[in-house]
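Worksheet for the structure shown next.
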Amino acid sequence: TTNNQQPTTNNQQPTTNNNPTTNPYPTDPHRVTVNSLPSRNLLGLRQNSNTWGLLLGELTPLAGQTGYAKLAQPSELQIPKTPNDIDKEKPMTQFQTEQPSAHHMTSEPVIVARDVEKWYDNGFHVLKGVSMTVYKGEVLVVMGPSGSGKSTFIRTFNALEPYQKGTIEVDGITISHDLKNIEAIRREVGMVFQQFNLFPHLTVLQNVTLAPIWVRRWPKAKAQEVAMQLLERVGILEQAHKFPGQLSGGQQQRVAIARSLAMQPKVMLFDEPTSALDPEMVREVLDVMRTLADSGMTMVCVTHEVGFAREVADRVVLMDGGYLVEENTPQEFFSNPREDRTQKFLSQIL
């Protein structure tokens, strides 16, 4: 009898590993909850790669993802709400009260991610039941060590990374295998990467106008007018007719920001935009990001720039090991972290 029960024990092990309830960081009572929002279904997605792809509504020289294949069946997932959460949860408006900001943050959710889980093809479990809400006009900074899943997580917001469980809504559109939904989301979400990903054979002006002309179907004159305004806004108007190879790293990253803004997105994602820059060039990019934040742009930024997070962010999040460890206002996050993991992380970067 003992021998017959042994295989049953072994077969149950994978279920235990994949269960998001094993999260070592229980739901923080101060986190923004999304229990009032209707739960949705999601088909697990897998993206096909293509050498040249339509990326975020703009053409970039990356391995793009243009096709999706069904990977998993839909499942209904809901976030449980405990009595402790009801008593202690903190409305988003209190973040504004504690951390006065020039931003135009509202209570309207723009991105709602719930119980998001992702496995790589090799079986590595990179996201483990991550839930997060980003509000209109909010500046959210995501921090964490390398391999924590932070970059992967924000790339799911525009379907650059597929995920197998959970739901993600962007501006009311649920990310699914429907290509029309993906295209609609990428038109509204701009992204700036670590590398600039500019077309080297096109001028700065041509790089910025390419997507509005081909995706938005704008007349060339309108696209060029908007592009020149954006280049002036990011401080490189005089570089409009140069090629990317003639610019510094900081200038190229500002071109990348202008290119994303040319699509007039509702949300901007920044994936460590200063990590590939020389220290002297970091400030000029951060200054542009500060200006965007002050204009009311909704921003999700993966960065280790503590000064920027303290000054600009409405909320700071720490991820580690695929989990959302802690989130709080910048003042509380840096001065009074609650989790031991957060304290250890900050001791290494401050």
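All residue names refer to the structure tokens as shown: chains lettered A, B, ... in order, residues numbered from 1 in each chain, ligands numbered from 1 in order.
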Write out as CSV the residues of region 287-334 of chain A that have any atom within 10 Å of an atom of region 224-240 of chain A, one row each with the nearest atom pair and its distance in Å to one decimal, counting only C-alpha atoms, sorted by chain and then rising number.
residue,atom,partner,partner_atom,distance
A:Asp287,CA,A:Val234,CA,8.8
A:Val288,CA,A:Val234,CA,5.9
A:Met289,CA,A:Val234,CA,9.2
A:Thr291,CA,A:Val234,CA,8.9
A:Leu292,CA,A:Val234,CA,9.6
Residue set, region 97-220 of chain A restricted to strand (DSSP E or B), as a PyMOL selection string: chain A and resi 109-119+125-135+139-143+165-170+173-174+189-192
Could those residues be written to a file, using N, CA and C atoms, as a short mmCIF file (atom, residue, chain, number, x, y, z; two decimals), in the first residue's frame?
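Result went into result.cif, see below:
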data_model
loop_
_atom_site.label_atom_id
_atom_site.label_comp_id
_atom_site.auth_asym_id
_atom_site.auth_seq_id
_atom_site.Cartn_x
_atom_site.Cartn_y
_atom_site.Cartn_z
N PRO A 109 -8.14 53.55 -13.67
CA PRO A 109 -7.10 52.58 -14.00
C PRO A 109 -6.82 52.54 -15.50
N VAL A 110 -5.55 52.50 -15.87
CA VAL A 110 -5.15 52.38 -17.27
C VAL A 110 -4.63 50.97 -17.56
N ILE A 111 -3.85 50.43 -16.63
CA ILE A 111 -3.35 49.06 -16.75
C ILE A 111 -3.78 48.28 -15.52
N VAL A 112 -4.41 47.15 -15.73
CA VAL A 112 -4.83 46.28 -14.63
C VAL A 112 -4.29 44.88 -14.92
N ALA A 113 -3.32 44.46 -14.13
CA ALA A 113 -2.76 43.11 -14.24
C ALA A 113 -3.16 42.31 -13.01
N ARG A 114 -3.66 41.11 -13.24
CA ARG A 114 -4.14 40.30 -12.12
C ARG A 114 -3.61 38.87 -12.22
N ASP A 115 -2.93 38.46 -11.16
CA ASP A 115 -2.44 37.08 -11.04
C ASP A 115 -1.68 36.62 -12.29
N VAL A 116 -0.81 37.47 -12.80
CA VAL A 116 -0.09 37.15 -14.04
C VAL A 116 1.04 36.16 -13.75
N GLU A 117 1.05 35.08 -14.52
CA GLU A 117 2.10 34.07 -14.40
C GLU A 117 2.66 33.78 -15.79
N LYS A 118 3.98 33.58 -15.79
CA LYS A 118 4.65 33.30 -17.07
C LYS A 118 5.77 32.29 -16.84
N TRP A 119 5.85 31.36 -17.79
CA TRP A 119 6.95 30.40 -17.84
C TRP A 119 7.70 30.58 -19.16
N HIS A 125 9.96 29.56 -14.22
CA HIS A 125 8.77 30.30 -13.79
C HIS A 125 9.18 31.73 -13.45
N VAL A 126 9.00 32.65 -14.38
CA VAL A 126 9.56 33.99 -14.22
C VAL A 126 8.60 34.96 -13.54
N LEU A 127 7.29 34.81 -13.74
CA LEU A 127 6.29 35.65 -13.06
C LEU A 127 5.35 34.76 -12.29
N LYS A 128 5.16 35.07 -11.02
CA LYS A 128 4.44 34.17 -10.12
C LYS A 128 3.25 34.88 -9.46
N GLY A 129 2.18 35.01 -10.22
CA GLY A 129 0.96 35.59 -9.67
C GLY A 129 1.06 37.06 -9.34
N VAL A 130 1.62 37.85 -10.25
CA VAL A 130 1.83 39.28 -10.01
C VAL A 130 0.56 40.06 -10.35
N SER A 131 0.15 40.91 -9.43
CA SER A 131 -1.02 41.78 -9.65
C SER A 131 -0.60 43.23 -9.44
N MET A 132 -1.10 44.11 -10.30
CA MET A 132 -0.73 45.52 -10.22
C MET A 132 -1.75 46.36 -10.98
N THR A 133 -2.03 47.54 -10.47
CA THR A 133 -2.88 48.50 -11.16
C THR A 133 -2.10 49.80 -11.36
N VAL A 134 -2.10 50.32 -12.57
CA VAL A 134 -1.46 51.59 -12.88
C VAL A 134 -2.57 52.57 -13.25
N TYR A 135 -2.52 53.75 -12.64
CA TYR A 135 -3.59 54.72 -12.82
C TYR A 135 -3.19 55.82 -13.81
N VAL A 139 3.08 57.92 -12.20
CA VAL A 139 4.44 57.52 -12.52
C VAL A 139 4.81 56.41 -11.55
N LEU A 140 4.95 55.20 -12.08
CA LEU A 140 5.26 54.03 -11.27
C LEU A 140 6.66 53.55 -11.60
N VAL A 141 7.50 53.44 -10.59
CA VAL A 141 8.87 52.96 -10.77
C VAL A 141 8.97 51.54 -10.25
N VAL A 142 9.51 50.65 -11.08
CA VAL A 142 9.70 49.24 -10.72
C VAL A 142 11.19 49.00 -10.54
N MET A 143 11.57 48.52 -9.36
CA MET A 143 12.97 48.23 -9.05
C MET A 143 13.11 46.76 -8.71
N LYS A 165 -1.03 32.58 -17.56
CA LYS A 165 -2.16 32.66 -16.63
C LYS A 165 -2.37 34.10 -16.19
N GLY A 166 -3.60 34.39 -15.77
CA GLY A 166 -3.92 35.74 -15.30
C GLY A 166 -4.57 36.58 -16.37
N THR A 167 -4.75 37.85 -16.09
CA THR A 167 -5.34 38.78 -17.05
C THR A 167 -4.60 40.11 -17.02
N ILE A 168 -4.54 40.75 -18.17
CA ILE A 168 -3.99 42.10 -18.28
C ILE A 168 -4.91 42.91 -19.17
N GLU A 169 -5.35 44.05 -18.64
CA GLU A 169 -6.15 44.99 -19.43
C GLU A 169 -5.38 46.29 -19.57
N VAL A 170 -5.35 46.83 -20.76
CA VAL A 170 -4.71 48.11 -21.03
C VAL A 170 -5.74 49.03 -21.66
N ILE A 173 -8.81 47.31 -22.85
CA ILE A 173 -8.65 46.23 -23.83
C ILE A 173 -7.90 45.07 -23.19
N THR A 174 -8.48 43.89 -23.24
CA THR A 174 -7.84 42.71 -22.67
C THR A 174 -6.85 42.12 -23.66
N VAL A 189 0.39 52.38 -26.44
CA VAL A 189 1.46 52.17 -25.46
C VAL A 189 2.81 52.32 -26.15
N GLY A 190 3.57 53.33 -25.74
CA GLY A 190 4.92 53.52 -26.28
C GLY A 190 5.93 52.87 -25.36
N MET A 191 7.07 52.50 -25.91
CA MET A 191 8.10 51.86 -25.08
C MET A 191 9.48 52.33 -25.49
N VAL A 192 10.31 52.57 -24.47
CA VAL A 192 11.71 52.96 -24.67
C VAL A 192 12.56 51.88 -24.03
#
Find the residues near Leu247 (chain A): any atom within 12 Å, counting only C-alpha atoms, skip ones fewer than 5 places away on the same chain, and give them as a PDB file with C-alpha atoms, in the first residue's frame.
ATOM      1  CA  PHE A 196      17.917  52.740 -28.828  1.00  0.00           C
ATOM      2  CA  LEU A 198      16.897  53.350 -34.280  1.00  0.00           C
ATOM      3  CA  PRO A 200      20.770  53.574 -38.738  1.00  0.00           C
ATOM      4  CA  THR A 203      17.772  60.387 -40.353  1.00  0.00           C
ATOM      5  CA  VAL A 204      16.462  61.355 -36.928  1.00  0.00           C
ATOM      6  CA  ILE A 236      17.573  67.875 -30.058  1.00  0.00           C
ATOM      7  CA  GLU A 238      19.135  70.764 -34.357  1.00  0.00           C
ATOM      8  CA  GLN A 239      19.887  67.053 -34.860  1.00  0.00           C
ATOM      9  CA  ALA A 240      16.807  66.390 -37.017  1.00  0.00           C
ATOM     10  CA  HIS A 241      18.678  65.754 -40.259  1.00  0.00           C
ATOM     11  CA  LYS A 242      21.572  63.771 -38.827  1.00  0.00           C
ATOM     12  CA  GLN A 252      19.901  58.694 -29.488  1.00  0.00           C
ATOM     13  CA  GLN A 253      17.822  57.752 -26.463  1.00  0.00           C
ATOM     14  CA  ARG A 254      16.029  61.089 -26.671  1.00  0.00           C
ATOM     15  CA  VAL A 255      15.283  60.340 -30.311  1.00  0.00           C
ATOM     16  CA  MET A 281      24.452  61.368 -20.456  1.00  0.00           C
TER      17      MET A 281
END
Got a sec: who's within 8 Å of Val267 (chain A), counting only C-alpha atoms, leaving out chain neighbours fewer than 6 positions off, as a ChimeraX atom specification? /A:188-190,297-300
Give me, as a ChimeraX atom specification, the residues of region 147-335 of chain A that a backbone DSSP run labels alpha helix (DSSP H). /A:150-155,179-188,204-214,220-233,249-261,279-294,306-312,330-335
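Interatomic distance, CA of Phe270 (chain A) against CA of Pro24 (chain A): 27.6 Å.
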Contacts between region 329-335 of chain A and region 249-310 of chain A, please, where a residue of region 249-310 of chain A counts if it comes within 12 Å (with only C-alpha atoms); show its shortest atom pair and distance in Å to one decimal, rows by chain and ascending number, as JSON lines.
{"residue": "A:Val306", "atom": "CA", "partner": "A:Phe334", "partner_atom": "CA", "distance": 8.9}
{"residue": "A:Gly307", "atom": "CA", "partner": "A:Pro330", "partner_atom": "CA", "distance": 10.1}
{"residue": "A:Phe308", "atom": "CA", "partner": "A:Pro330", "partner_atom": "CA", "distance": 10.0}
{"residue": "A:Ala309", "atom": "CA", "partner": "A:Pro330", "partner_atom": "CA", "distance": 6.7}
{"residue": "A:Arg310", "atom": "CA", "partner": "A:Pro330", "partner_atom": "CA", "distance": 5.3}
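With only C-alpha atoms as the atoms that count, the minimum distance from Gln348 (chain A) to the choices A:His304, A:Ser176, A:Phe193, A:Val325 is reached by A:His304.
With distances restricted to only C-alpha atoms, A:Glu284 is the closest residue to Gln251 (chain A) from A:Glu284, A:Ala221, A:Thr274, A:Gly172.
Between CA of Glu305 (chain A) and CA of Glu108 (chain A) there is a distance of 27.0 Å.
Checking A:Ser275, A:Asn197, A:Asn181, A:Thr342 one by one against Asn158 (chain A), counting only C-alpha atoms, you find the shortest gap at A:Asn181.
Across the model, the gap from CA of Glu339 (chain A) to CA of Glu326 (chain A) is 6.9 Å.
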Between A:Pro219, A:Gly249, A:Phe243, A:Gly147, which has the minimum distance to His201 (chain A) (counting only C-alpha atoms)? A:Phe243
